[in-house]
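Each remark here refers to the structure printed beneath this line.
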Amino acid sequence: MAITAPTTRPMNPRFSSGPCAKPPTFDLAKLSDAPLGRSHRAAPGKAKLLAAIETTRDVLGIPADYQIAIVPASDTGAYEMAMWNLLGERHVEMLAWESFGSGWVTDALKQLKIDATEKTAPYGEIVDLAGVNFDNDVCFTYNGTTSGVRVPASFEIPADRAGLTLCDATSAAFAMDLPWDRLDATTFSWQKALGGEAAHGMLILSPRAVERLETYKPAWPLPKIFRLTKGGKLIEGIFKGETINTPSMMCVEDYLFALEWAKSVGGLNGMIARADANTAAINAFVESHDWINFLAVDPATRSNTSVCLKFTDERIADGAAFAKAVAKRLSDEDVALDIGAYRDAPAGLRIWCGATVETSDIEALLPWLDYAFNAELNA
Ligand SMILES: Cc1ncc(COP(=O)(O)O)c(C=O)c1O
């Protein structure tokens, strides 16, 4: 059988799940207003940091009484800051269905050593969400980036919960409708759905989370980099852009650019629609090819950002080697970069479908997937 390569390549071969493709209109020259070589505490820097916070609120529809901070160490820094500050006051349910969620379980059980129940599901599946007791604190990942499994839209956190919810939303923010009134501590990084830079994290706290911060003192020491209160009171400046330590004003400028781009494509709804269109294109491909399927078993849990796929053809002898070879072939052809499954995840491909990826590029990639599959099978 003659296997011919498609003639059209994606305009942008960047389908990595983090750092993700930059907005299509990105150009380094657009960051020329960054106040470089100046103190981030001088007026121009402070104004940019506050704008980053308030534009985040605006685009994501975060309630006015929620506190938003820019914190160090990307999503990991933001999420661990939430865990270290808030947990230990009551029993915790740790929910995980892929590697990042599992990392937070390890934090709770082995580092903080708190009173916690671990609820985990294998890659492709999700835990029994109906069985969660929200009178406990609950830690979970809104979208499992390495399995492509998200909480389904039907997932409902009770309004009258006694515990707090700590949500790692790094690959969900700007692509899914987050229920802010049910989320007490939410985190994400700029490097995902906005195509921003890494190293800075966002921490978003509900009034109930702030109340916990002001009434509960963890039993363990907190390094300066994690400290959100002083003398039992919230350090309010942190939530106005007076960051704990020095941020990169270049990254802040890049984030502001990405937020403006998000607004230009219709804000949150526009971003969600773009991610949904990308995922729909992959869905149509999967439905018309019997050798590939989603890793996520239940369609209601399928991510519209980190779409994880597995090869199901019985002729494949070594699944891991085959998936690697397909990803390499596509990378060598400059058709798709960084689409191999995450190192701890089952063998397969992972294609980022967030809004910064153009649907026309996903559509141009899919015939190449068909080509690479057949070429590899006949190699
Ligand atoms: C769900 C999830 N949590 C945490 C992280 C870690 O993010 P960062 O490297 O920005 O700290 C990632 C990165 O891919 C992720 O997907």
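In the structure tokens, chains take letters A, B, ... by order of appearance, with residues numbered from 1 within each chain and ligands from 1 in the order shown.
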
Practice item. Could you tell me, counting only C-alpha atoms and all ligand atoms, which protein and nucleic acid residues lie no more than 9 Å from ligand 1, written as a PyMOL selection string? Key: chain A and resi 17-19+73-79+98-101+103-104+141-146+168-172+187-192+197-201+306

For those residues, write N, CA and C atoms to a file as a short mmCIF file (atom, residue, chain, number, x, y, z; two decimals), in the first residue's frame.
data_model
loop_
_atom_site.label_atom_id
_atom_site.label_comp_id
_atom_site.auth_asym_id
_atom_site.auth_seq_id
_atom_site.Cartn_x
_atom_site.Cartn_y
_atom_site.Cartn_z
N SER A 17 1.44 20.62 25.66
CA SER A 17 0.49 20.87 26.75
C SER A 17 1.10 21.71 27.86
N GLY A 18 2.15 22.39 27.59
CA GLY A 18 2.69 23.34 28.55
C GLY A 18 4.21 23.34 28.56
N PRO A 19 4.81 24.51 28.35
CA PRO A 19 4.16 25.73 27.88
C PRO A 19 3.44 25.51 26.55
N ALA A 73 6.64 30.54 41.55
CA ALA A 73 6.77 29.11 41.26
C ALA A 73 5.58 28.49 40.53
N SER A 74 4.98 29.28 39.66
CA SER A 74 4.00 28.75 38.71
C SER A 74 2.82 28.10 39.44
N ASP A 75 2.14 27.19 38.76
CA ASP A 75 0.97 26.56 39.39
C ASP A 75 1.37 25.75 40.61
N THR A 76 2.52 25.10 40.54
CA THR A 76 2.97 24.29 41.67
C THR A 76 3.11 25.16 42.92
N GLY A 77 3.75 26.30 42.75
CA GLY A 77 3.93 27.22 43.88
C GLY A 77 2.59 27.67 44.43
N ALA A 78 1.68 28.03 43.53
CA ALA A 78 0.37 28.53 43.98
C ALA A 78 -0.42 27.44 44.70
N TYR A 79 -0.40 26.22 44.15
CA TYR A 79 -1.21 25.15 44.76
C TYR A 79 -0.62 24.72 46.11
N GLU A 98 -4.59 11.43 37.88
CA GLU A 98 -3.39 11.49 37.02
C GLU A 98 -2.24 12.03 37.86
N SER A 99 -1.10 12.27 37.21
CA SER A 99 0.13 12.47 37.97
C SER A 99 0.17 13.76 38.81
N PHE A 100 -0.37 14.85 38.31
CA PHE A 100 -0.27 16.08 39.11
C PHE A 100 -1.13 15.99 40.38
N GLY A 101 -2.35 15.46 40.21
CA GLY A 101 -3.21 15.26 41.38
C GLY A 101 -2.53 14.31 42.36
N GLY A 103 0.58 14.03 42.82
CA GLY A 103 1.63 14.81 43.50
C GLY A 103 1.08 15.53 44.71
N TRP A 104 -0.14 16.06 44.59
CA TRP A 104 -0.75 16.76 45.73
C TRP A 104 -1.12 15.76 46.84
N THR A 141 -8.05 18.30 41.01
CA THR A 141 -7.56 18.93 39.79
C THR A 141 -8.73 19.02 38.82
N TYR A 142 -9.03 20.24 38.37
CA TYR A 142 -10.24 20.39 37.52
C TYR A 142 -10.08 19.64 36.20
N ASN A 143 -8.89 19.75 35.63
CA ASN A 143 -8.59 19.00 34.40
C ASN A 143 -7.25 18.30 34.59
N GLY A 144 -7.28 16.99 34.53
CA GLY A 144 -6.04 16.23 34.66
C GLY A 144 -5.26 16.32 33.35
N THR A 145 -4.20 17.11 33.36
CA THR A 145 -3.49 17.40 32.10
C THR A 145 -2.87 16.16 31.50
N THR A 146 -2.44 15.21 32.33
CA THR A 146 -1.71 14.07 31.79
C THR A 146 -2.61 12.89 31.43
N ASP A 168 -6.89 22.77 41.60
CA ASP A 168 -5.80 23.01 40.65
C ASP A 168 -6.46 23.12 39.27
N ALA A 169 -6.55 24.35 38.78
CA ALA A 169 -7.28 24.58 37.51
C ALA A 169 -6.33 24.99 36.40
N THR A 170 -5.08 24.55 36.49
CA THR A 170 -4.10 25.13 35.57
C THR A 170 -4.38 24.82 34.11
N SER A 171 -4.91 23.64 33.80
CA SER A 171 -5.21 23.38 32.39
C SER A 171 -6.70 23.47 32.11
N ALA A 172 -7.42 24.13 33.02
CA ALA A 172 -8.87 24.35 32.83
C ALA A 172 -9.18 25.84 32.69
N THR A 187 -6.00 27.66 41.55
CA THR A 187 -4.68 28.06 41.06
C THR A 187 -4.53 27.75 39.58
N PHE A 188 -3.71 28.55 38.93
CA PHE A 188 -3.31 28.23 37.56
C PHE A 188 -2.02 28.96 37.23
N SER A 189 -1.45 28.57 36.09
CA SER A 189 -0.22 29.21 35.61
C SER A 189 -0.51 29.89 34.28
N TRP A 190 0.23 30.90 33.97
CA TRP A 190 0.03 31.63 32.71
C TRP A 190 0.43 30.81 31.49
N GLN A 191 1.24 29.77 31.72
CA GLN A 191 1.83 29.05 30.58
C GLN A 191 0.88 28.09 29.89
N LYS A 192 -0.32 27.92 30.40
CA LYS A 192 -1.22 26.93 29.79
C LYS A 192 -2.14 27.57 28.74
N GLU A 197 3.93 32.80 29.94
CA GLU A 197 5.19 32.26 30.41
C GLU A 197 5.01 31.54 31.75
N ALA A 198 5.94 30.64 32.06
CA ALA A 198 5.87 29.90 33.32
C ALA A 198 6.49 30.74 34.44
N ALA A 199 6.62 30.14 35.61
CA ALA A 199 7.31 30.72 36.77
C ALA A 199 6.43 31.60 37.66
N HIS A 200 5.28 32.05 37.17
CA HIS A 200 4.38 32.82 38.03
C HIS A 200 3.07 32.05 38.16
N GLY A 201 2.52 32.04 39.36
CA GLY A 201 1.26 31.33 39.57
C GLY A 201 0.17 32.31 39.99
N SER A 306 -6.18 19.33 27.14
CA SER A 306 -5.13 18.31 26.99
C SER A 306 -5.80 17.02 26.51
#

Review point. What's the 12 Å shell around Leu49 (chain A), counting only C-alpha atoms, without same-chain residues fewer than 6 positions away, as a PyMOL selection string?
Key: chain A and resi 34-35+39-43+55-56+68-71+200+202+237-243+246-256

Could the residues in this selection be written to a file with N, CA and C atoms, as an mmCIF file, in the first residue's frame?
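As written to disk, out39.cif reads:
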data_model
loop_
_atom_site.group_PDB
_atom_site.id
_atom_site.type_symbol
_atom_site.label_atom_id
_atom_site.label_comp_id
_atom_site.auth_asym_id
_atom_site.auth_seq_id
_atom_site.Cartn_x
_atom_site.Cartn_y
_atom_site.Cartn_z
ATOM 1 N N ALA A 34 7.089 46.706 28.499
ATOM 2 C CA ALA A 34 7.453 46.131 29.810
ATOM 3 C C ALA A 34 8.401 47.085 30.543
ATOM 4 N N PRO A 35 8.110 47.385 31.812
ATOM 5 C CA PRO A 35 8.988 48.316 32.545
ATOM 6 C C PRO A 35 10.249 47.595 33.026
ATOM 7 N N SER A 39 12.212 48.970 39.364
ATOM 8 C CA SER A 39 11.627 48.235 40.484
ATOM 9 C C SER A 39 10.176 47.885 40.173
ATOM 10 N N HIS A 40 9.816 46.655 40.518
ATOM 11 C CA HIS A 40 8.415 46.248 40.358
ATOM 12 C C HIS A 40 7.527 46.952 41.388
ATOM 13 N N ARG A 41 8.171 47.629 42.353
ATOM 14 C CA ARG A 41 7.374 48.361 43.364
ATOM 15 C C ARG A 41 7.241 49.837 42.994
ATOM 16 N N ALA A 42 7.880 50.261 41.895
ATOM 17 C CA ALA A 42 7.676 51.630 41.405
ATOM 18 C C ALA A 42 6.302 51.683 40.725
ATOM 19 N N ALA A 43 5.784 52.895 40.524
ATOM 20 C CA ALA A 43 4.407 53.053 40.042
ATOM 21 C C ALA A 43 4.102 52.283 38.748
ATOM 22 N N THR A 55 -7.538 42.329 35.332
ATOM 23 C CA THR A 55 -7.975 41.825 34.025
ATOM 24 C C THR A 55 -8.265 40.324 34.122
ATOM 25 N N THR A 56 -7.519 39.629 34.964
ATOM 26 C CA THR A 56 -7.817 38.204 35.202
ATOM 27 C C THR A 56 -9.242 38.085 35.750
ATOM 28 N N ILE A 68 -7.177 37.857 44.583
ATOM 29 C CA ILE A 68 -6.350 37.268 43.519
ATOM 30 C C ILE A 68 -4.900 37.719 43.716
ATOM 31 N N ALA A 69 -3.995 36.757 43.722
ATOM 32 C CA ALA A 69 -2.578 37.097 43.906
ATOM 33 C C ALA A 69 -1.716 36.476 42.811
ATOM 34 N N ILE A 70 -0.633 37.166 42.498
ATOM 35 C CA ILE A 70 0.412 36.615 41.633
ATOM 36 C C ILE A 70 1.500 36.101 42.577
ATOM 37 N N VAL A 71 1.805 34.814 42.489
ATOM 38 C CA VAL A 71 2.726 34.207 43.460
ATOM 39 C C VAL A 71 3.853 33.469 42.736
ATOM 40 N N HIS A 200 5.285 32.050 37.167
ATOM 41 C CA HIS A 200 4.376 32.819 38.030
ATOM 42 C C HIS A 200 3.067 32.051 38.156
ATOM 43 N N MET A 202 -1.065 31.914 39.765
ATOM 44 C CA MET A 202 -2.199 32.712 40.230
ATOM 45 C C MET A 202 -2.888 31.945 41.359
ATOM 46 N N GLY A 237 -1.744 43.677 50.610
ATOM 47 C CA GLY A 237 -0.932 44.161 49.488
ATOM 48 C C GLY A 237 -0.646 43.068 48.461
ATOM 49 N N ILE A 238 -0.463 41.830 48.951
ATOM 50 C CA ILE A 238 -0.153 40.721 48.031
ATOM 51 C C ILE A 238 -1.256 40.594 46.974
ATOM 52 N N PHE A 239 -2.468 40.953 47.353
ATOM 53 C CA PHE A 239 -3.615 40.792 46.447
ATOM 54 C C PHE A 239 -3.901 42.068 45.647
ATOM 55 N N LYS A 240 -2.944 43.004 45.755
ATOM 56 C CA LYS A 240 -3.048 44.222 44.928
ATOM 57 C C LYS A 240 -1.822 44.353 44.028
ATOM 58 N N GLY A 241 -1.028 43.302 43.987
ATOM 59 C CA GLY A 241 0.141 43.338 43.108
ATOM 60 C C GLY A 241 1.442 43.602 43.833
ATOM 61 N N GLU A 242 1.380 43.716 45.164
ATOM 62 C CA GLU A 242 2.633 43.863 45.916
ATOM 63 C C GLU A 242 3.142 42.451 46.203
ATOM 64 N N THR A 243 3.791 41.895 45.224
ATOM 65 C CA THR A 243 4.158 40.479 45.282
ATOM 66 C C THR A 243 5.132 40.187 46.429
ATOM 67 N N THR A 246 10.287 39.182 43.884
ATOM 68 C CA THR A 246 10.349 39.907 42.612
ATOM 69 C C THR A 246 9.793 39.091 41.446
ATOM 70 N N PRO A 247 8.796 39.610 40.760
ATOM 71 C CA PRO A 247 8.302 38.921 39.559
ATOM 72 C C PRO A 247 9.083 39.383 38.320
ATOM 73 N N SER A 248 8.908 38.664 37.220
ATOM 74 C CA SER A 248 9.503 39.104 35.957
ATOM 75 C C SER A 248 8.515 40.035 35.273
ATOM 76 N N MET A 249 8.895 41.293 35.088
ATOM 77 C CA MET A 249 7.978 42.235 34.444
ATOM 78 C C MET A 249 7.818 41.925 32.953
ATOM 79 N N MET A 250 8.775 41.186 32.412
ATOM 80 C CA MET A 250 8.641 40.736 31.018
ATOM 81 C C MET A 250 7.493 39.718 30.929
ATOM 82 N N CYS A 251 7.468 38.786 31.895
ATOM 83 C CA CYS A 251 6.395 37.780 31.916
ATOM 84 C C CYS A 251 5.042 38.440 32.186
ATOM 85 N N VAL A 252 5.049 39.468 33.046
ATOM 86 C CA VAL A 252 3.796 40.177 33.349
ATOM 87 C C VAL A 252 3.280 40.851 32.073
ATOM 88 N N GLU A 253 4.177 41.475 31.337
ATOM 89 C CA GLU A 253 3.780 42.148 30.085
ATOM 90 C C GLU A 253 3.195 41.125 29.105
ATOM 91 N N ASP A 254 3.835 39.968 29.063
ATOM 92 C CA ASP A 254 3.390 38.897 28.175
ATOM 93 C C ASP A 254 1.996 38.411 28.590
ATOM 94 N N TYR A 255 1.778 38.325 29.905
ATOM 95 C CA TYR A 255 0.465 37.895 30.417
ATOM 96 C C TYR A 255 -0.604 38.935 30.057
ATOM 97 N N LEU A 256 -0.239 40.222 30.210
ATOM 98 C CA LEU A 256 -1.200 41.277 29.859
ATOM 99 C C LEU A 256 -1.551 41.221 28.373
#

Check your understanding: From the set A:Ser331, A:Thr359, A:Gln67, A:Asn293, which residue has the shortest atom-to-atom contact distance to Asp276 (chain A), counting only C-alpha atoms?
Key ->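 Of the candidates, the smallest distance to Asp276 (chain A) is held by A:Thr359.
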
Practice item. Check the DSSP output for the backbone and give back, as a PyMOL selection string, the residues of region 5-49 of chain A in helix (DSSP H, G or I). Key: chain A and resi 28-31+43-49

Using N, CA and C atoms, can you export the residues from the last selection as a PDB file, in the first residue's frame?
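Contents of the output file again22.pdb:
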ATOM      1  N   LEU A  28       7.292  39.234  19.827  1.00  0.00           N
ATOM      2  CA  LEU A  28       8.086  39.780  20.946  1.00  0.00           C
ATOM      3  C   LEU A  28       8.021  41.304  21.000  1.00  0.00           C
ATOM      4  N   ALA A  29       7.902  41.932  19.839  1.00  0.00           N
ATOM      5  CA  ALA A  29       7.864  43.405  19.779  1.00  0.00           C
ATOM      6  C   ALA A  29       6.661  43.944  20.553  1.00  0.00           C
ATOM      7  N   LYS A  30       5.642  43.103  20.733  1.00  0.00           N
ATOM      8  CA  LYS A  30       4.441  43.571  21.435  1.00  0.00           C
ATOM      9  C   LYS A  30       4.657  43.702  22.941  1.00  0.00           C
ATOM     10  N   LEU A  31       5.820  43.267  23.408  1.00  0.00           N
ATOM     11  CA  LEU A  31       6.106  43.367  24.846  1.00  0.00           C
ATOM     12  C   LEU A  31       7.003  44.567  25.157  1.00  0.00           C
ATOM     13  N   ALA A  43       5.784  52.895  40.524  1.00  0.00           N
ATOM     14  CA  ALA A  43       4.407  53.053  40.042  1.00  0.00           C
ATOM     15  C   ALA A  43       4.102  52.283  38.748  1.00  0.00           C
ATOM     16  N   PRO A  44       4.958  52.324  37.717  1.00  0.00           N
ATOM     17  CA  PRO A  44       4.586  51.611  36.480  1.00  0.00           C
ATOM     18  C   PRO A  44       4.470  50.102  36.691  1.00  0.00           C
ATOM     19  N   GLY A  45       5.416  49.540  37.454  1.00  0.00           N
ATOM     20  CA  GLY A  45       5.382  48.102  37.714  1.00  0.00           C
ATOM     21  C   GLY A  45       4.154  47.713  38.520  1.00  0.00           C
ATOM     22  N   LYS A  46       3.878  48.490  39.554  1.00  0.00           N
ATOM     23  CA  LYS A  46       2.715  48.186  40.404  1.00  0.00           C
ATOM     24  C   LYS A  46       1.420  48.253  39.602  1.00  0.00           C
ATOM     25  N   ALA A  47       1.356  49.237  38.700  1.00  0.00           N
ATOM     26  CA  ALA A  47       0.144  49.387  37.877  1.00  0.00           C
ATOM     27  C   ALA A  47      -0.028  48.176  36.964  1.00  0.00           C
ATOM     28  N   LYS A  48       1.061  47.673  36.427  1.00  0.00           N
ATOM     29  CA  LYS A  48       0.975  46.492  35.542  1.00  0.00           C
ATOM     30  C   LYS A  48       0.519  45.266  36.340  1.00  0.00           C
ATOM     31  N   LEU A  49       1.073  45.101  37.546  1.00  0.00           N
ATOM     32  CA  LEU A  49       0.722  43.931  38.358  1.00  0.00           C
ATOM     33  C   LEU A  49      -0.748  43.987  38.765  1.00  0.00           C
TER      34      LEU A  49
END

Review point. Do you know which residues are at most 10 Å from Asp135 (chain A) counting only C-alpha atoms, after dropping those on the same chain fewer than 5 positions away, and could you put them as a list in words?
Key: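 In the requested format, the answer is Arg90, His91, Val92, Glu93, Pro158, Asp160, Arg161, Ala162, Gly163, Leu164 and Thr165 of chain A.
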
Selection export as a PDB file, in the first residue's frame, atoms kept: C-alpha atoms:
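So the final result, stored in selection.pdb, reads:
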ATOM      1  CA  ARG A  90     -10.143  19.390  59.359  1.00  0.00           C
ATOM      2  CA  HIS A  91     -10.169  16.073  57.512  1.00  0.00           C
ATOM      3  CA  VAL A  92      -9.150  16.277  53.860  1.00  0.00           C
ATOM      4  CA  GLU A  93     -10.240  14.243  50.843  1.00  0.00           C
ATOM      5  CA  PRO A 158     -22.615  22.089  47.354  1.00  0.00           C
ATOM      6  CA  ASP A 160     -23.480  25.016  51.826  1.00  0.00           C
ATOM      7  CA  ARG A 161     -20.282  22.965  52.243  1.00  0.00           C
ATOM      8  CA  ALA A 162     -18.466  23.242  55.574  1.00  0.00           C
ATOM      9  CA  GLY A 163     -15.045  22.406  54.131  1.00  0.00           C
ATOM     10  CA  LEU A 164     -12.954  24.267  51.594  1.00  0.00           C
ATOM     11  CA  THR A 165     -12.314  23.220  47.993  1.00  0.00           C
TER      12      THR A 165
END

Point to revise | Atom-to-atom span, CA of Phe311 (chain A) and CA of Arg329 (chain A), Å | key: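 Between CA of Phe311 (chain A) and CA of Arg329 (chain A) the gap works out to 15.4 Å.
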
Quick one: residues within 9 Å of region 148-155 of chain A, only C-alpha atoms, excluding same-chain residues fewer than 4 positions away - as a compact mmCIF listing (two decimals) with N, CA and C atoms, in the first residue's frame?
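Output saved as part-v5.txt:
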# COMPACT_ATOMS: atom_id res chain seq x y z
N TRP A 97 -6.58 11.64 39.66
CA TRP A 97 -6.76 10.68 38.56
C TRP A 97 -5.67 10.83 37.51
N GLU A 98 -4.59 11.43 37.88
CA GLU A 98 -3.39 11.49 37.02
C GLU A 98 -2.24 12.03 37.86
N TYR A 123 -5.49 6.16 35.19
CA TYR A 123 -5.50 7.02 34.00
C TYR A 123 -6.70 6.68 33.11
N GLY A 124 -7.42 7.70 32.71
CA GLY A 124 -8.57 7.49 31.82
C GLY A 124 -9.89 7.48 32.57
N GLU A 125 -9.80 7.24 33.88
CA GLU A 125 -11.03 7.21 34.68
C GLU A 125 -11.03 8.36 35.67
N ILE A 126 -12.15 8.48 36.42
CA ILE A 126 -12.23 9.54 37.42
C ILE A 126 -12.78 8.94 38.70
N LEU A 129 -17.18 11.01 42.21
CA LEU A 129 -17.35 12.39 42.70
C LEU A 129 -18.60 12.51 43.57
N ALA A 130 -19.59 11.65 43.30
CA ALA A 130 -20.83 11.71 44.10
C ALA A 130 -20.57 11.31 45.54
N THR A 141 -8.05 18.30 41.01
CA THR A 141 -7.56 18.93 39.79
C THR A 141 -8.73 19.02 38.82
N TYR A 142 -9.03 20.24 38.37
CA TYR A 142 -10.24 20.39 37.52
C TYR A 142 -10.08 19.64 36.20
N ASN A 143 -8.89 19.75 35.63
CA ASN A 143 -8.59 19.00 34.40
C ASN A 143 -7.25 18.30 34.59
N GLY A 144 -7.28 16.99 34.53
CA GLY A 144 -6.04 16.23 34.66
C GLY A 144 -5.26 16.32 33.35
N ALA A 172 -7.42 24.13 33.02
CA ALA A 172 -8.87 24.35 32.83
C ALA A 172 -9.18 25.84 32.69
N ASP A 177 -15.70 26.56 32.10
CA ASP A 177 -16.46 27.50 32.92
C ASP A 177 -16.30 27.10 34.38
N PHE A 294 -9.88 7.95 22.66
CA PHE A 294 -9.52 8.81 23.79
C PHE A 294 -9.08 7.95 24.97
N LEU A 295 -8.14 8.48 25.74
CA LEU A 295 -7.76 7.80 26.99
C LEU A 295 -8.92 7.92 27.99
N ALA A 296 -9.58 9.07 27.98
CA ALA A 296 -10.72 9.29 28.89
C ALA A 296 -11.88 8.40 28.47
N VAL A 297 -12.31 7.53 29.37
CA VAL A 297 -13.32 6.53 29.04
C VAL A 297 -14.70 7.18 28.87
N ASP A 298 -15.11 7.97 29.83
CA ASP A 298 -16.45 8.57 29.80
C ASP A 298 -16.41 9.87 29.00
N PRO A 299 -17.19 9.96 27.91
CA PRO A 299 -17.16 11.19 27.08
C PRO A 299 -17.40 12.47 27.90
N ALA A 300 -18.17 12.37 28.98
CA ALA A 300 -18.45 13.57 29.78
C ALA A 300 -17.22 14.09 30.51
N THR A 301 -16.18 13.24 30.60
CA THR A 301 -14.96 13.66 31.31
C THR A 301 -13.83 14.00 30.34
N ARG A 302 -14.13 14.06 29.05
CA ARG A 302 -13.06 14.31 28.08
C ARG A 302 -12.68 15.78 28.05
N SER A 303 -11.41 16.02 28.21
CA SER A 303 -10.86 17.37 28.26
C SER A 303 -11.01 18.08 26.92
N ASN A 304 -11.20 19.40 26.97
CA ASN A 304 -11.14 20.20 25.74
C ASN A 304 -9.82 20.98 25.66
N THR A 305 -8.86 20.59 26.51
CA THR A 305 -7.53 21.22 26.40
C THR A 305 -6.47 20.14 26.14
N SER A 306 -6.18 19.33 27.14
CA SER A 306 -5.13 18.31 26.99
C SER A 306 -5.80 17.02 26.51
N VAL A 307 -5.92 16.89 25.21
CA VAL A 307 -6.63 15.73 24.66
C VAL A 307 -5.65 14.56 24.53
N CYS A 308 -5.91 13.51 25.32
CA CYS A 308 -5.01 12.35 25.36
C CYS A 308 -5.62 11.22 24.54
N LEU A 309 -4.81 10.65 23.66
CA LEU A 309 -5.28 9.62 22.74
C LEU A 309 -4.44 8.36 22.90
N ARG A 350 -0.71 13.28 23.09
CA ARG A 350 -1.46 14.32 23.82
C ARG A 350 -1.39 15.59 22.98

Check your understanding: What does the distance between CA of Glu156 (chain A) and CA of Pro122 (chain A) come to in Å, to one decimal place?
Key -> 21.8 Å

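Among A:Asn278, A:Thr356, A:Ser32, A:Thr4, the residue with the shortest atom-to-atom distance to Cys20 (chain A), counting only C-alpha atoms, is A:Thr356.
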
Review point. What is the CA of Lys328 (chain A)-CA of Asn378 (chain A) distance in Å, reported with one decimal?
Key: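 Between CA of Lys328 (chain A) and CA of Asn378 (chain A) the gap is 15.6 Å.
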
Practice item. Would you mind writing down, as a VMD selection string, each residue of region 46-238 of chain A that DSSP on the backbone assigns to strand (DSSP E)? Key: chain A and resid 67 to 72 92 to 96 116 to 120 137 to 141 143 to 144 149 to 150 165 to 168 185 to 189 200 to 205 229 to 230 233 to 234

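Within 8 Å of Leu222 (chain A), once only C-alpha atoms are used and residues closer than 3 positions along the same chain are dropped, the contacting residues are A:Trp84, A:Asn85, A:Ile225, A:Phe226, A:Arg227.
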
Point to revise | Close residues, Ala5 (chain A) itself excluded, 8 Å, only C-alpha atoms, min 2 positions apart in chain, as a PyMOL selection string | key: chain A and resi 3+7+368+371

Emit the selected residues as a PDB file, in the first residue's frame, including C-alpha atoms.
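After the write, part-v2.pdb holds the following:
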ATOM      1  CA  ILE A   3       1.557   5.715   1.962  1.00  0.00           C
ATOM      2  CA  THR A   7       0.821  18.159   1.307  1.00  0.00           C
ATOM      3  CA  TRP A 368      -0.658  13.600   9.159  1.00  0.00           C
ATOM      4  CA  TYR A 371      -0.144   9.108   7.588  1.00  0.00           C
TER       5      TYR A 371
END

List every residue of region 151-184 of chain A that has an atom at most 12 Å from any atom of region 257-274 of chain A, giving for each one its closest atom pair and the distance in Å to one decimal, counting only C-alpha atoms, sorted by chain and then by ascending residue number, as JSON lines.
{"residue": "A:Ala172", "atom": "CA", "partner": "A:Ile272", "partner_atom": "CA", "distance": 9.8}
{"residue": "A:Ala173", "atom": "CA", "partner": "A:Leu268", "partner_atom": "CA", "distance": 9.0}
{"residue": "A:Phe174", "atom": "CA", "partner": "A:Leu268", "partner_atom": "CA", "distance": 5.8}
{"residue": "A:Ala175", "atom": "CA", "partner": "A:Ile272", "partner_atom": "CA", "distance": 4.5}
{"residue": "A:Met176", "atom": "CA", "partner": "A:Ile272", "partner_atom": "CA", "distance": 6.0}
{"residue": "A:Asp177", "atom": "CA", "partner": "A:Ile272", "partner_atom": "CA", "distance": 7.9}
{"residue": "A:Leu178", "atom": "CA", "partner": "A:Leu268", "partner_atom": "CA", "distance": 10.3}

Output of the above residues as a compact mmCIF listing (two decimals), in the first residue's frame, restricted to C-alpha atoms:
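File produced: again-v1.txt:
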# COMPACT_ATOMS: atom_id res chain seq x y z
CA ALA A 172 -8.87 24.35 32.83
CA ALA A 173 -8.73 28.13 33.38
CA PHE A 174 -9.58 30.07 30.19
CA ALA A 175 -11.00 26.90 28.60
CA MET A 176 -13.75 25.72 30.98
CA ASP A 177 -16.46 27.50 32.92
CA LEU A 178 -15.17 27.37 36.49

Check your understanding: Near Ile292 (chain A), within 12 Å and counting only C-alpha atoms, which residues show up once chain neighbours fewer than 4 positions away are dropped, as a list in words?
Key ->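 After dropping sequence-adjacent residues, the list is Ile282, Asn283, Ala284, Phe285, Val286, Glu287, Ser288, Cys308, Leu309, Lys310, Phe311, Thr312, Asp313, Glu314, Ile316, Gly319, Ala323, Gly348, Leu349, Leu366, Leu369, Asp370 and Phe373 of chain A.
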